[in-house]
$ cat input39.txt   # compact mmCIF, N, CA, C and O atoms
# COMPACT_ATOMS: atom_id res chain seq x y z
N MET C 1 -18.59 -26.15 -57.92
CA MET C 1 -18.62 -26.32 -59.36
C MET C 1 -17.43 -27.20 -59.77
O MET C 1 -16.32 -27.00 -59.34
N ASN C 2 -17.71 -28.18 -60.62
CA ASN C 2 -16.68 -29.06 -61.13
C ASN C 2 -15.83 -28.29 -62.15
O ASN C 2 -16.36 -27.67 -63.06
N LYS C 3 -14.52 -28.35 -61.98
CA LYS C 3 -13.61 -27.58 -62.84
C LYS C 3 -13.76 -27.97 -64.31
O LYS C 3 -13.71 -27.12 -65.19
N PHE C 4 -13.95 -29.25 -64.59
CA PHE C 4 -14.08 -29.71 -65.96
C PHE C 4 -15.48 -29.43 -66.51
O PHE C 4 -15.63 -28.97 -67.63
N LEU C 5 -16.51 -29.66 -65.73
CA LEU C 5 -17.87 -29.56 -66.24
C LEU C 5 -18.43 -28.15 -66.22
O LEU C 5 -19.29 -27.82 -67.02
N GLY C 6 -18.01 -27.33 -65.28
CA GLY C 6 -18.65 -26.03 -65.13
C GLY C 6 -20.07 -26.23 -64.62
O GLY C 6 -20.37 -27.20 -63.94
N LYS C 7 -20.95 -25.34 -65.01
CA LYS C 7 -22.35 -25.44 -64.61
C LYS C 7 -23.05 -26.47 -65.50
O LYS C 7 -22.93 -26.41 -66.73
N LEU C 8 -23.77 -27.39 -64.89
CA LEU C 8 -24.45 -28.45 -65.63
C LEU C 8 -25.88 -28.01 -65.96
O LEU C 8 -26.63 -27.63 -65.06
N VAL C 9 -26.23 -28.04 -67.25
CA VAL C 9 -27.57 -27.68 -67.71
C VAL C 9 -28.06 -28.74 -68.68
O VAL C 9 -27.29 -29.54 -69.18
N MET C 10 -29.39 -28.72 -68.92
CA MET C 10 -29.97 -29.65 -69.88
C MET C 10 -31.10 -28.96 -70.63
O MET C 10 -31.66 -27.96 -70.14
N THR C 11 -31.41 -29.49 -71.78
CA THR C 11 -32.52 -28.93 -72.56
C THR C 11 -33.85 -29.33 -71.92
O THR C 11 -33.93 -30.26 -71.12
N ARG C 12 -34.89 -28.66 -72.34
CA ARG C 12 -36.23 -28.98 -71.86
C ARG C 12 -36.60 -30.42 -72.25
O ARG C 12 -37.24 -31.13 -71.48
N GLY C 13 -36.20 -30.84 -73.44
CA GLY C 13 -36.50 -32.21 -73.89
C GLY C 13 -35.90 -33.25 -72.96
O GLY C 13 -36.57 -34.22 -72.58
N ILE C 14 -34.65 -33.08 -72.59
CA ILE C 14 -33.99 -33.99 -71.65
C ILE C 14 -34.70 -33.92 -70.30
O ILE C 14 -35.03 -34.95 -69.69
N ASN C 15 -34.95 -32.72 -69.81
CA ASN C 15 -35.60 -32.54 -68.52
C ASN C 15 -36.96 -33.24 -68.48
O ASN C 15 -37.29 -33.93 -67.50
N ASP C 16 -37.76 -33.05 -69.52
CA ASP C 16 -39.09 -33.66 -69.56
C ASP C 16 -39.00 -35.19 -69.55
O ASP C 16 -39.79 -35.85 -68.85
N CYS C 17 -38.06 -35.76 -70.29
CA CYS C 17 -37.91 -37.22 -70.31
C CYS C 17 -37.41 -37.75 -68.97
O CYS C 17 -37.85 -38.82 -68.52
N ILE C 18 -36.51 -37.02 -68.33
CA ILE C 18 -36.03 -37.43 -67.00
C ILE C 18 -37.19 -37.45 -66.01
O ILE C 18 -37.31 -38.35 -65.19
N ALA C 19 -38.07 -36.47 -66.11
CA ALA C 19 -39.21 -36.38 -65.19
C ALA C 19 -40.18 -37.54 -65.38
O ALA C 19 -40.84 -37.96 -64.42
N ASP C 20 -40.25 -38.09 -66.59
CA ASP C 20 -41.24 -39.11 -66.92
C ASP C 20 -40.71 -40.54 -66.99
O ASP C 20 -41.50 -41.47 -67.08
N ASP C 21 -39.39 -40.73 -67.00
CA ASP C 21 -38.84 -42.05 -67.32
C ASP C 21 -37.64 -42.36 -66.44
O ASP C 21 -36.54 -41.84 -66.65
N LYS C 22 -37.84 -43.24 -65.45
CA LYS C 22 -36.75 -43.58 -64.52
C LYS C 22 -35.60 -44.29 -65.21
O LYS C 22 -34.44 -44.07 -64.85
N THR C 23 -35.90 -45.11 -66.19
CA THR C 23 -34.83 -45.80 -66.92
C THR C 23 -33.95 -44.79 -67.63
O THR C 23 -32.72 -44.86 -67.57
N PHE C 24 -34.58 -43.83 -68.30
CA PHE C 24 -33.82 -42.79 -69.00
C PHE C 24 -32.99 -41.97 -68.01
O PHE C 24 -31.84 -41.63 -68.30
N THR C 25 -33.56 -41.66 -66.86
CA THR C 25 -32.83 -40.92 -65.83
C THR C 25 -31.54 -41.65 -65.47
O THR C 25 -30.47 -41.04 -65.41
N LYS C 26 -31.63 -42.95 -65.26
CA LYS C 26 -30.44 -43.75 -64.93
C LYS C 26 -29.44 -43.75 -66.08
O LYS C 26 -28.23 -43.67 -65.86
N GLU C 27 -29.95 -43.81 -67.31
CA GLU C 27 -29.05 -43.79 -68.47
C GLU C 27 -28.31 -42.46 -68.58
O GLU C 27 -27.11 -42.44 -68.90
N VAL C 28 -28.99 -41.36 -68.33
CA VAL C 28 -28.35 -40.05 -68.38
C VAL C 28 -27.29 -39.93 -67.28
O VAL C 28 -26.18 -39.45 -67.52
N LEU C 29 -27.62 -40.37 -66.09
CA LEU C 29 -26.65 -40.33 -64.99
C LEU C 29 -25.43 -41.19 -65.29
O LEU C 29 -24.30 -40.79 -65.03
N LYS C 30 -25.67 -42.36 -65.88
CA LYS C 30 -24.55 -43.23 -66.25
C LYS C 30 -23.69 -42.57 -67.33
O LYS C 30 -22.45 -42.59 -67.26
N ALA C 31 -24.33 -41.94 -68.31
CA ALA C 31 -23.59 -41.24 -69.37
C ALA C 31 -22.76 -40.10 -68.78
O ALA C 31 -21.60 -39.91 -69.16
N LEU C 32 -23.35 -39.36 -67.85
CA LEU C 32 -22.63 -38.25 -67.23
C LEU C 32 -21.42 -38.75 -66.44
O LEU C 32 -20.34 -38.15 -66.49
N LEU C 33 -21.57 -39.86 -65.75
CA LEU C 33 -20.44 -40.44 -65.03
C LEU C 33 -19.35 -40.88 -66.00
O LEU C 33 -18.17 -40.63 -65.77
N ARG C 34 -19.73 -41.50 -67.09
CA ARG C 34 -18.76 -41.90 -68.11
C ARG C 34 -18.03 -40.66 -68.64
O ARG C 34 -16.81 -40.67 -68.81
N TYR C 35 -18.78 -39.61 -68.90
CA TYR C 35 -18.22 -38.37 -69.42
C TYR C 35 -17.20 -37.78 -68.45
O TYR C 35 -16.11 -37.38 -68.84
N LYS C 36 -17.58 -37.72 -67.18
CA LYS C 36 -16.66 -37.19 -66.16
C LYS C 36 -15.37 -38.00 -66.09
O LYS C 36 -14.32 -37.48 -65.74
N ASN C 37 -15.46 -39.29 -66.46
CA ASN C 37 -14.29 -40.17 -66.45
C ASN C 37 -13.60 -40.23 -67.82
O ASN C 37 -12.81 -41.13 -68.08
N HIS C 38 -13.95 -39.27 -68.69
CA HIS C 38 -13.34 -39.13 -70.01
C HIS C 38 -13.58 -40.35 -70.91
O HIS C 38 -12.76 -40.68 -71.76
N ASP C 39 -14.74 -40.97 -70.75
CA ASP C 39 -15.22 -42.01 -71.66
C ASP C 39 -16.20 -41.31 -72.58
O ASP C 39 -17.30 -40.93 -72.17
N TRP C 40 -15.81 -41.11 -73.82
CA TRP C 40 -16.54 -40.24 -74.75
C TRP C 40 -17.66 -40.95 -75.48
O TRP C 40 -18.26 -40.39 -76.39
N GLY C 41 -17.96 -42.18 -75.12
CA GLY C 41 -19.13 -42.86 -75.67
C GLY C 41 -18.97 -43.27 -77.12
O GLY C 41 -17.92 -43.77 -77.53
N ASP C 42 -20.02 -43.01 -77.89
CA ASP C 42 -20.13 -43.50 -79.26
C ASP C 42 -19.59 -42.50 -80.27
O ASP C 42 -20.34 -41.95 -81.08
N LEU C 43 -18.29 -42.27 -80.20
CA LEU C 43 -17.61 -41.36 -81.12
C LEU C 43 -16.51 -42.10 -81.87
O LEU C 43 -15.93 -43.06 -81.35
N PRO C 44 -16.16 -41.63 -83.06
CA PRO C 44 -14.99 -42.19 -83.75
C PRO C 44 -13.72 -41.92 -82.93
O PRO C 44 -13.65 -40.95 -82.18
N GLU C 45 -12.74 -42.76 -83.11
CA GLU C 45 -11.48 -42.65 -82.35
C GLU C 45 -10.84 -41.27 -82.52
O GLU C 45 -10.29 -40.72 -81.57
N GLU C 46 -10.89 -40.73 -83.70
CA GLU C 46 -10.29 -39.41 -83.95
C GLU C 46 -10.94 -38.34 -83.07
O GLU C 46 -10.27 -37.48 -82.50
N ASP C 47 -12.26 -38.39 -82.94
CA ASP C 47 -12.96 -37.42 -82.10
C ASP C 47 -12.63 -37.63 -80.62
O ASP C 47 -12.53 -36.66 -79.86
N LYS C 48 -12.47 -38.88 -80.22
CA LYS C 48 -12.07 -39.16 -78.84
C LYS C 48 -10.69 -38.57 -78.55
O LYS C 48 -10.47 -37.98 -77.49
N ARG C 49 -9.77 -38.71 -79.49
CA ARG C 49 -8.43 -38.13 -79.32
C ARG C 49 -8.50 -36.60 -79.25
O ARG C 49 -7.78 -35.97 -78.46
N MET C 50 -9.38 -36.00 -80.06
CA MET C 50 -9.54 -34.55 -80.02
C MET C 50 -10.06 -34.11 -78.65
O MET C 50 -9.61 -33.09 -78.11
N ASN C 51 -10.99 -34.87 -78.09
CA ASN C 51 -11.48 -34.56 -76.74
C ASN C 51 -10.36 -34.66 -75.71
O ASN C 51 -10.23 -33.79 -74.84
N ASP C 52 -9.56 -35.70 -75.81
CA ASP C 52 -8.45 -35.87 -74.87
C ASP C 52 -7.48 -34.68 -74.95
O ASP C 52 -7.00 -34.19 -73.93
N GLU C 53 -7.20 -34.23 -76.18
CA GLU C 53 -6.34 -33.06 -76.36
C GLU C 53 -6.98 -31.80 -75.79
O GLU C 53 -6.30 -30.98 -75.18
N ALA C 54 -8.28 -31.65 -76.00
CA ALA C 54 -8.98 -30.48 -75.48
C ALA C 54 -8.93 -30.45 -73.95
O ALA C 54 -8.78 -29.38 -73.35
N ILE C 55 -9.04 -31.60 -73.32
CA ILE C 55 -8.95 -31.68 -71.86
C ILE C 55 -7.54 -31.32 -71.41
O ILE C 55 -7.33 -30.55 -70.49
N LYS C 56 -6.56 -31.88 -72.10
CA LYS C 56 -5.16 -31.65 -71.74
C LYS C 56 -4.76 -30.19 -71.92
O LYS C 56 -4.11 -29.61 -71.05
N ASN C 57 -5.19 -29.58 -73.02
CA ASN C 57 -4.77 -28.23 -73.35
C ASN C 57 -5.75 -27.15 -72.89
O ASN C 57 -5.39 -25.98 -72.86
N GLY C 58 -6.99 -27.55 -72.58
CA GLY C 58 -8.00 -26.59 -72.14
C GLY C 58 -8.36 -25.55 -73.18
O GLY C 58 -8.74 -24.44 -72.84
N ASN C 59 -8.27 -25.92 -74.46
CA ASN C 59 -8.44 -24.91 -75.51
C ASN C 59 -9.57 -25.20 -76.49
O ASN C 59 -9.64 -24.56 -77.53
N ASP C 60 -10.42 -26.13 -76.21
CA ASP C 60 -11.50 -26.45 -77.14
C ASP C 60 -12.65 -27.07 -76.38
O ASP C 60 -12.48 -27.52 -75.24
N ARG C 61 -13.81 -27.12 -77.00
CA ARG C 61 -14.94 -27.75 -76.33
C ARG C 61 -14.82 -29.26 -76.41
O ARG C 61 -14.03 -29.80 -77.21
N VAL C 62 -15.61 -29.94 -75.60
CA VAL C 62 -15.60 -31.40 -75.53
C VAL C 62 -17.01 -31.88 -75.80
O VAL C 62 -17.98 -31.34 -75.25
N LEU C 63 -17.14 -32.88 -76.67
CA LEU C 63 -18.45 -33.43 -77.02
C LEU C 63 -18.39 -34.94 -76.93
O LEU C 63 -17.42 -35.55 -77.39
N ALA C 64 -19.43 -35.54 -76.36
CA ALA C 64 -19.55 -36.99 -76.32
C ALA C 64 -20.97 -37.38 -76.71
O ALA C 64 -21.90 -36.57 -76.61
N ALA C 65 -21.14 -38.62 -77.16
CA ALA C 65 -22.44 -39.11 -77.59
C ALA C 65 -22.70 -40.47 -76.95
O ALA C 65 -21.80 -41.31 -76.87
N TYR C 66 -23.94 -40.67 -76.51
CA TYR C 66 -24.33 -41.91 -75.84
C TYR C 66 -25.71 -42.34 -76.32
O TYR C 66 -26.61 -41.51 -76.44
N GLU C 67 -25.87 -43.62 -76.56
CA GLU C 67 -27.18 -44.16 -76.93
C GLU C 67 -27.98 -44.41 -75.66
O GLU C 67 -27.44 -44.89 -74.66
N THR C 68 -29.27 -44.06 -75.70
CA THR C 68 -30.18 -44.31 -74.58
C THR C 68 -31.47 -44.91 -75.12
O THR C 68 -31.69 -44.96 -76.33
N SER C 69 -32.34 -45.30 -74.22
CA SER C 69 -33.64 -45.84 -74.62
C SER C 69 -34.52 -44.79 -75.29
O SER C 69 -35.48 -45.13 -75.99
N GLN C 70 -34.20 -43.51 -75.12
CA GLN C 70 -34.95 -42.42 -75.74
C GLN C 70 -34.24 -41.82 -76.96
O GLN C 70 -34.67 -40.80 -77.49
N GLY C 71 -33.15 -42.45 -77.38
CA GLY C 71 -32.38 -41.95 -78.51
C GLY C 71 -31.02 -41.44 -78.06
O GLY C 71 -30.68 -41.44 -76.88
N LYS C 72 -30.24 -41.01 -79.04
CA LYS C 72 -28.88 -40.55 -78.76
C LYS C 72 -28.91 -39.22 -78.03
O LYS C 72 -29.69 -38.32 -78.36
N ILE C 73 -28.04 -39.11 -77.01
CA ILE C 73 -27.85 -37.84 -76.32
C ILE C 73 -26.41 -37.39 -76.51
O ILE C 73 -25.50 -38.20 -76.71
N TYR C 74 -26.24 -36.09 -76.47
CA TYR C 74 -24.92 -35.47 -76.48
C TYR C 74 -24.68 -34.81 -75.12
O TYR C 74 -25.62 -34.29 -74.51
N ILE C 75 -23.43 -34.82 -74.72
CA ILE C 75 -22.99 -34.01 -73.58
C ILE C 75 -21.86 -33.16 -74.12
O ILE C 75 -20.89 -33.66 -74.68
N ILE C 76 -22.02 -31.84 -73.95
CA ILE C 76 -21.06 -30.90 -74.53
C ILE C 76 -20.59 -29.92 -73.45
O ILE C 76 -21.42 -29.29 -72.79
N THR C 77 -19.28 -29.82 -73.30
CA THR C 77 -18.69 -28.82 -72.40
C THR C 77 -18.08 -27.73 -73.25
O THR C 77 -17.31 -28.01 -74.18
N GLU C 78 -18.42 -26.49 -72.94
CA GLU C 78 -17.91 -25.34 -73.70
C GLU C 78 -16.40 -25.21 -73.54
O GLU C 78 -15.82 -25.68 -72.56
N TYR C 79 -15.78 -24.57 -74.51
CA TYR C 79 -14.32 -24.45 -74.54
C TYR C 79 -13.77 -23.81 -73.27
O TYR C 79 -12.66 -24.13 -72.83
N ASP C 80 -14.52 -22.88 -72.66
CA ASP C 80 -14.03 -22.20 -71.45
C ASP C 80 -14.42 -22.93 -70.17
O ASP C 80 -14.16 -22.44 -69.07
N ARG C 81 -15.07 -24.09 -70.32
CA ARG C 81 -15.46 -24.97 -69.21
C ARG C 81 -16.51 -24.33 -68.30
O ARG C 81 -16.70 -24.74 -67.18
N SER C 82 -17.22 -23.32 -68.81
CA SER C 82 -18.23 -22.65 -67.99
C SER C 82 -19.53 -23.44 -67.90
O SER C 82 -20.21 -23.38 -66.88
N TYR C 83 -19.89 -24.16 -68.97
CA TYR C 83 -21.14 -24.92 -69.01
C TYR C 83 -20.93 -26.28 -69.62
O TYR C 83 -20.12 -26.44 -70.54
N THR C 84 -21.71 -27.24 -69.13
CA THR C 84 -21.86 -28.54 -69.79
C THR C 84 -23.34 -28.73 -70.02
O THR C 84 -24.15 -28.59 -69.09
N THR C 85 -23.71 -29.04 -71.26
CA THR C 85 -25.11 -29.18 -71.63
C THR C 85 -25.39 -30.62 -72.04
O THR C 85 -24.62 -31.22 -72.78
N ILE C 86 -26.51 -31.15 -71.56
CA ILE C 86 -27.00 -32.46 -71.97
C ILE C 86 -28.19 -32.22 -72.89
O ILE C 86 -29.12 -31.48 -72.53
N LEU C 87 -28.17 -32.82 -74.08
CA LEU C 87 -29.23 -32.61 -75.05
C LEU C 87 -29.41 -33.82 -75.93
O LEU C 87 -28.49 -34.65 -76.05
N PHE C 88 -30.57 -33.95 -76.53
CA PHE C 88 -30.78 -34.98 -77.53
C PHE C 88 -30.06 -34.59 -78.82
O PHE C 88 -29.90 -33.39 -79.11
N SER C 89 -29.66 -35.57 -79.59
CA SER C 89 -28.94 -35.28 -80.84
C SER C 89 -29.79 -34.43 -81.77
O SER C 89 -29.26 -33.56 -82.46
N HIS C 90 -31.11 -34.62 -81.78
CA HIS C 90 -31.97 -33.82 -82.68
C HIS C 90 -32.13 -32.38 -82.19
O HIS C 90 -32.66 -31.54 -82.90
N GLU C 91 -31.66 -32.07 -80.98
CA GLU C 91 -31.73 -30.71 -80.46
C GLU C 91 -30.44 -29.92 -80.73
O GLU C 91 -30.35 -28.75 -80.41
N TYR C 92 -29.45 -30.59 -81.29
CA TYR C 92 -28.13 -29.98 -81.53
C TYR C 92 -28.19 -28.91 -82.60
O TYR C 92 -28.81 -28.97 -83.57
$ encode --input "input39.txt" --output "structure tokens"
Amino acid sequence: MNKFLGKLVMTRGINDCIADDKTFTKEVLKALLRYKNHDWGDLPEEDKRMNDEAIKNGNDRVLAAYETSQGKIYIITEYDRSYTTILFSHEY
């Protein structure tokens, strides 16, 4: 288990699109790699700084947003780092 990510899960909507769309699958994998490298995607600078602080202090959840061919996705790691969830923005 990755210390930062915890257990990786996704919504049914993300899972179904991954099963049907190779391009989307690659986009999700690329977003996840960016996330693991602390590239928070399409967020305002203030939110990116909050994520950096949450990583440094380990006291808050982390959220990132990425545009894909199927719409915006979020990747969210819980404050206790137990789970990271990939979901569409409309599923939030």
$ closest_residue --input "input39.txt" --among "C:Tyr83, C:Trp40, C:Phe88, C:Phe24" --to "Leu8 of chain C" --atoms "only C-alpha atoms"
C:Tyr83
$ closest_residue --input "input39.txt" --among "C:Ser89, C:Thr25, C:Asn59, C:Thr84" --to "Gly71 of chain C" --atoms "all atoms listed in the file"
C:Ser89
$ atom_distance --input "input39.txt" --atom1 "atom N of Arg61 of chain C" --atom2 "atom O of His90 of chain C"
20.2 Å
$ axis_aligned_box --input "input39.txt" --around "segment 41-49 of chain C" --padding-each-side "8 Å" --output "lines of an AutoDock Vina configuration file"
center_x = -14.1
center_y = -39.9
center_z = -79.5
size_x = 28.6
size_y = 23.8
size_z = 24.8
$ closest_residue --input "input39.txt" --among "C:Asp47, C:Leu29, C:Ile86, C:Lys56" --to "Gly13 of chain C" --atoms "all atoms listed in the file"
C:Ile86
$ atom_distance --input "input39.txt" --atom1 "atom N of Asp21 of chain C" --atom2 "atom O of Asp42 of chain C"
23.7 Å
$ closest_residue --input "input39.txt" --among "C:Lys30, C:Tyr79, C:Leu5, C:Tyr92" --to "Gly58 of chain C" --atoms "all atoms listed in the file"
C:Tyr79
$ closest_residue --input "input39.txt" --among "C:Asn15, C:Ala54, C:Asn37, C:Leu87" --to "Ile75 of chain C" --atoms "only N, CA, C and O atoms"
C:Leu87
$ residues_around --input "input39.txt" --residues "Lys36 of chain C" --least-positions-apart "3" --cutoff "9 Å" --atoms "only C-alpha atoms" --output "mmCIF file with N, CA, C and O atoms, in the coordinates of the input"
data_model
loop_
_atom_site.group_PDB
_atom_site.id
_atom_site.type_symbol
_atom_site.label_atom_id
_atom_site.label_comp_id
_atom_site.auth_asym_id
_atom_site.auth_seq_id
_atom_site.Cartn_x
_atom_site.Cartn_y
_atom_site.Cartn_z
ATOM 1 N N PHE C 4 -13.950 -29.250 -64.590
ATOM 2 C CA PHE C 4 -14.080 -29.710 -65.960
ATOM 3 C C PHE C 4 -15.480 -29.430 -66.510
ATOM 4 O O PHE C 4 -15.630 -28.970 -67.630
ATOM 5 N N LEU C 5 -16.510 -29.660 -65.730
ATOM 6 C CA LEU C 5 -17.870 -29.560 -66.240
ATOM 7 C C LEU C 5 -18.430 -28.150 -66.220
ATOM 8 O O LEU C 5 -19.290 -27.820 -67.020
ATOM 9 N N ALA C 31 -24.330 -41.940 -68.310
ATOM 10 C CA ALA C 31 -23.590 -41.240 -69.370
ATOM 11 C C ALA C 31 -22.760 -40.100 -68.780
ATOM 12 O O ALA C 31 -21.600 -39.910 -69.160
ATOM 13 N N LEU C 32 -23.350 -39.360 -67.850
ATOM 14 C CA LEU C 32 -22.630 -38.250 -67.230
ATOM 15 C C LEU C 32 -21.420 -38.750 -66.440
ATOM 16 O O LEU C 32 -20.340 -38.150 -66.490
ATOM 17 N N LEU C 33 -21.570 -39.860 -65.750
ATOM 18 C CA LEU C 33 -20.440 -40.440 -65.030
ATOM 19 C C LEU C 33 -19.350 -40.880 -66.000
ATOM 20 O O LEU C 33 -18.170 -40.630 -65.770
ATOM 21 N N ASP C 39 -14.740 -40.970 -70.750
ATOM 22 C CA ASP C 39 -15.220 -42.010 -71.660
ATOM 23 C C ASP C 39 -16.200 -41.310 -72.580
ATOM 24 O O ASP C 39 -17.300 -40.930 -72.170
#
$ select_by_dssp --input "input39.txt" --residues "chain C" --states "strand (DSSP E or B)" --output "ChimeraX atom specification"
/C:2,6-10,41,62-66,73-77,83-88
$ atom_distance --input "input39.txt" --atom1 "atom O of Val28 of chain C" --atom2 "atom N of Asn57 of chain C"
23.8 Å
$ select_by_dssp --input "input39.txt" --residues "chain C" --states "alpha helix (DSSP H)" --output "short mmCIF file (atom, residue, chain, number, x, y, z; two decimals) with N, CA, C and O atoms, keeping the file's coordinate frame"
data_model
loop_
_atom_site.label_atom_id
_atom_site.label_comp_id
_atom_site.auth_asym_id
_atom_site.auth_seq_id
_atom_site.Cartn_x
_atom_site.Cartn_y
_atom_site.Cartn_z
N ARG C 12 -34.89 -28.66 -72.34
CA ARG C 12 -36.23 -28.98 -71.86
C ARG C 12 -36.60 -30.42 -72.25
O ARG C 12 -37.24 -31.13 -71.48
N GLY C 13 -36.20 -30.84 -73.44
CA GLY C 13 -36.50 -32.21 -73.89
C GLY C 13 -35.90 -33.25 -72.96
O GLY C 13 -36.57 -34.22 -72.58
N ILE C 14 -34.65 -33.08 -72.59
CA ILE C 14 -33.99 -33.99 -71.65
C ILE C 14 -34.70 -33.92 -70.30
O ILE C 14 -35.03 -34.95 -69.69
N ASN C 15 -34.95 -32.72 -69.81
CA ASN C 15 -35.60 -32.54 -68.52
C ASN C 15 -36.96 -33.24 -68.48
O ASN C 15 -37.29 -33.93 -67.50
N ASP C 16 -37.76 -33.05 -69.52
CA ASP C 16 -39.09 -33.66 -69.56
C ASP C 16 -39.00 -35.19 -69.55
O ASP C 16 -39.79 -35.85 -68.85
N CYS C 17 -38.06 -35.76 -70.29
CA CYS C 17 -37.91 -37.22 -70.31
C CYS C 17 -37.41 -37.75 -68.97
O CYS C 17 -37.85 -38.82 -68.52
N ILE C 18 -36.51 -37.02 -68.33
CA ILE C 18 -36.03 -37.43 -67.00
C ILE C 18 -37.19 -37.45 -66.01
O ILE C 18 -37.31 -38.35 -65.19
N ALA C 19 -38.07 -36.47 -66.11
CA ALA C 19 -39.21 -36.38 -65.19
C ALA C 19 -40.18 -37.54 -65.38
O ALA C 19 -40.84 -37.96 -64.42
N ASP C 20 -40.25 -38.09 -66.59
CA ASP C 20 -41.24 -39.11 -66.92
C ASP C 20 -40.71 -40.54 -66.99
O ASP C 20 -41.50 -41.47 -67.08
N LYS C 22 -37.84 -43.24 -65.45
CA LYS C 22 -36.75 -43.58 -64.52
C LYS C 22 -35.60 -44.29 -65.21
O LYS C 22 -34.44 -44.07 -64.85
N THR C 23 -35.90 -45.11 -66.19
CA THR C 23 -34.83 -45.80 -66.92
C THR C 23 -33.95 -44.79 -67.63
O THR C 23 -32.72 -44.86 -67.57
N PHE C 24 -34.58 -43.83 -68.30
CA PHE C 24 -33.82 -42.79 -69.00
C PHE C 24 -32.99 -41.97 -68.01
O PHE C 24 -31.84 -41.63 -68.30
N THR C 25 -33.56 -41.66 -66.86
CA THR C 25 -32.83 -40.92 -65.83
C THR C 25 -31.54 -41.65 -65.47
O THR C 25 -30.47 -41.04 -65.41
N LYS C 26 -31.63 -42.95 -65.26
CA LYS C 26 -30.44 -43.75 -64.93
C LYS C 26 -29.44 -43.75 -66.08
O LYS C 26 -28.23 -43.67 -65.86
N GLU C 27 -29.95 -43.81 -67.31
CA GLU C 27 -29.05 -43.79 -68.47
C GLU C 27 -28.31 -42.46 -68.58
O GLU C 27 -27.11 -42.44 -68.90
N VAL C 28 -28.99 -41.36 -68.33
CA VAL C 28 -28.35 -40.05 -68.38
C VAL C 28 -27.29 -39.93 -67.28
O VAL C 28 -26.18 -39.45 -67.52
N LEU C 29 -27.62 -40.37 -66.09
CA LEU C 29 -26.65 -40.33 -64.99
C LEU C 29 -25.43 -41.19 -65.29
O LEU C 29 -24.30 -40.79 -65.03
N LYS C 30 -25.67 -42.36 -65.88
CA LYS C 30 -24.55 -43.23 -66.25
C LYS C 30 -23.69 -42.57 -67.33
O LYS C 30 -22.45 -42.59 -67.26
N ALA C 31 -24.33 -41.94 -68.31
CA ALA C 31 -23.59 -41.24 -69.37
C ALA C 31 -22.76 -40.10 -68.78
O ALA C 31 -21.60 -39.91 -69.16
N LEU C 32 -23.35 -39.36 -67.85
CA LEU C 32 -22.63 -38.25 -67.23
C LEU C 32 -21.42 -38.75 -66.44
O LEU C 32 -20.34 -38.15 -66.49
N LEU C 33 -21.57 -39.86 -65.75
CA LEU C 33 -20.44 -40.44 -65.03
C LEU C 33 -19.35 -40.88 -66.00
O LEU C 33 -18.17 -40.63 -65.77
N ARG C 34 -19.73 -41.50 -67.09
CA ARG C 34 -18.76 -41.90 -68.11
C ARG C 34 -18.03 -40.66 -68.64
O ARG C 34 -16.81 -40.67 -68.81
N TYR C 35 -18.78 -39.61 -68.90
CA TYR C 35 -18.22 -38.37 -69.42
C TYR C 35 -17.20 -37.78 -68.45
O TYR C 35 -16.11 -37.38 -68.84
N LYS C 36 -17.58 -37.72 -67.18
CA LYS C 36 -16.66 -37.19 -66.16
C LYS C 36 -15.37 -38.00 -66.09
O LYS C 36 -14.32 -37.48 -65.74
N GLU C 45 -12.74 -42.76 -83.11
CA GLU C 45 -11.48 -42.65 -82.35
C GLU C 45 -10.84 -41.27 -82.52
O GLU C 45 -10.29 -40.72 -81.57
N GLU C 46 -10.89 -40.73 -83.70
CA GLU C 46 -10.29 -39.41 -83.95
C GLU C 46 -10.94 -38.34 -83.07
O GLU C 46 -10.27 -37.48 -82.50
N ASP C 47 -12.26 -38.39 -82.94
CA ASP C 47 -12.96 -37.42 -82.10
C ASP C 47 -12.63 -37.63 -80.62
O ASP C 47 -12.53 -36.66 -79.86
N LYS C 48 -12.47 -38.88 -80.22
CA LYS C 48 -12.07 -39.16 -78.84
C LYS C 48 -10.69 -38.57 -78.55
O LYS C 48 -10.47 -37.98 -77.49
N ARG C 49 -9.77 -38.71 -79.49
CA ARG C 49 -8.43 -38.13 -79.32
C ARG C 49 -8.50 -36.60 -79.25
O ARG C 49 -7.78 -35.97 -78.46
N MET C 50 -9.38 -36.00 -80.06
CA MET C 50 -9.54 -34.55 -80.02
C MET C 50 -10.06 -34.11 -78.65
O MET C 50 -9.61 -33.09 -78.11
N ASN C 51 -10.99 -34.87 -78.09
CA ASN C 51 -11.48 -34.56 -76.74
C ASN C 51 -10.36 -34.66 -75.71
O ASN C 51 -10.23 -33.79 -74.84
N ASP C 52 -9.56 -35.70 -75.81
CA ASP C 52 -8.45 -35.87 -74.87
C ASP C 52 -7.48 -34.68 -74.95
O ASP C 52 -7.00 -34.19 -73.93
N GLU C 53 -7.20 -34.23 -76.18
CA GLU C 53 -6.34 -33.06 -76.36
C GLU C 53 -6.98 -31.80 -75.79
O GLU C 53 -6.30 -30.98 -75.18
N ALA C 54 -8.28 -31.65 -76.00
CA ALA C 54 -8.98 -30.48 -75.48
C ALA C 54 -8.93 -30.45 -73.95
O ALA C 54 -8.78 -29.38 -73.35
N ILE C 55 -9.04 -31.60 -73.32
CA ILE C 55 -8.95 -31.68 -71.86
C ILE C 55 -7.54 -31.32 -71.41
O ILE C 55 -7.33 -30.55 -70.49
N LYS C 56 -6.56 -31.88 -72.10
CA LYS C 56 -5.16 -31.65 -71.74
C LYS C 56 -4.76 -30.19 -71.92
O LYS C 56 -4.11 -29.61 -71.05
N ASN C 57 -5.19 -29.58 -73.02
CA ASN C 57 -4.77 -28.23 -73.35
C ASN C 57 -5.75 -27.15 -72.89
O ASN C 57 -5.39 -25.98 -72.86
#
$ residues_around --input "input39.txt" --residues "Met50 of chain C" --least-positions-apart "5" --cutoff "7 Å" --atoms "all atoms listed in the file" --output "PyMOL selection string"
chain C and resi 44-45+55-56+60-62
$ closest_residue --input "input39.txt" --among "C:Glu46, C:Glu78, C:Asp20, C:Asp52" --to "Gly6 of chain C" --atoms "all atoms listed in the file"
C:Glu78
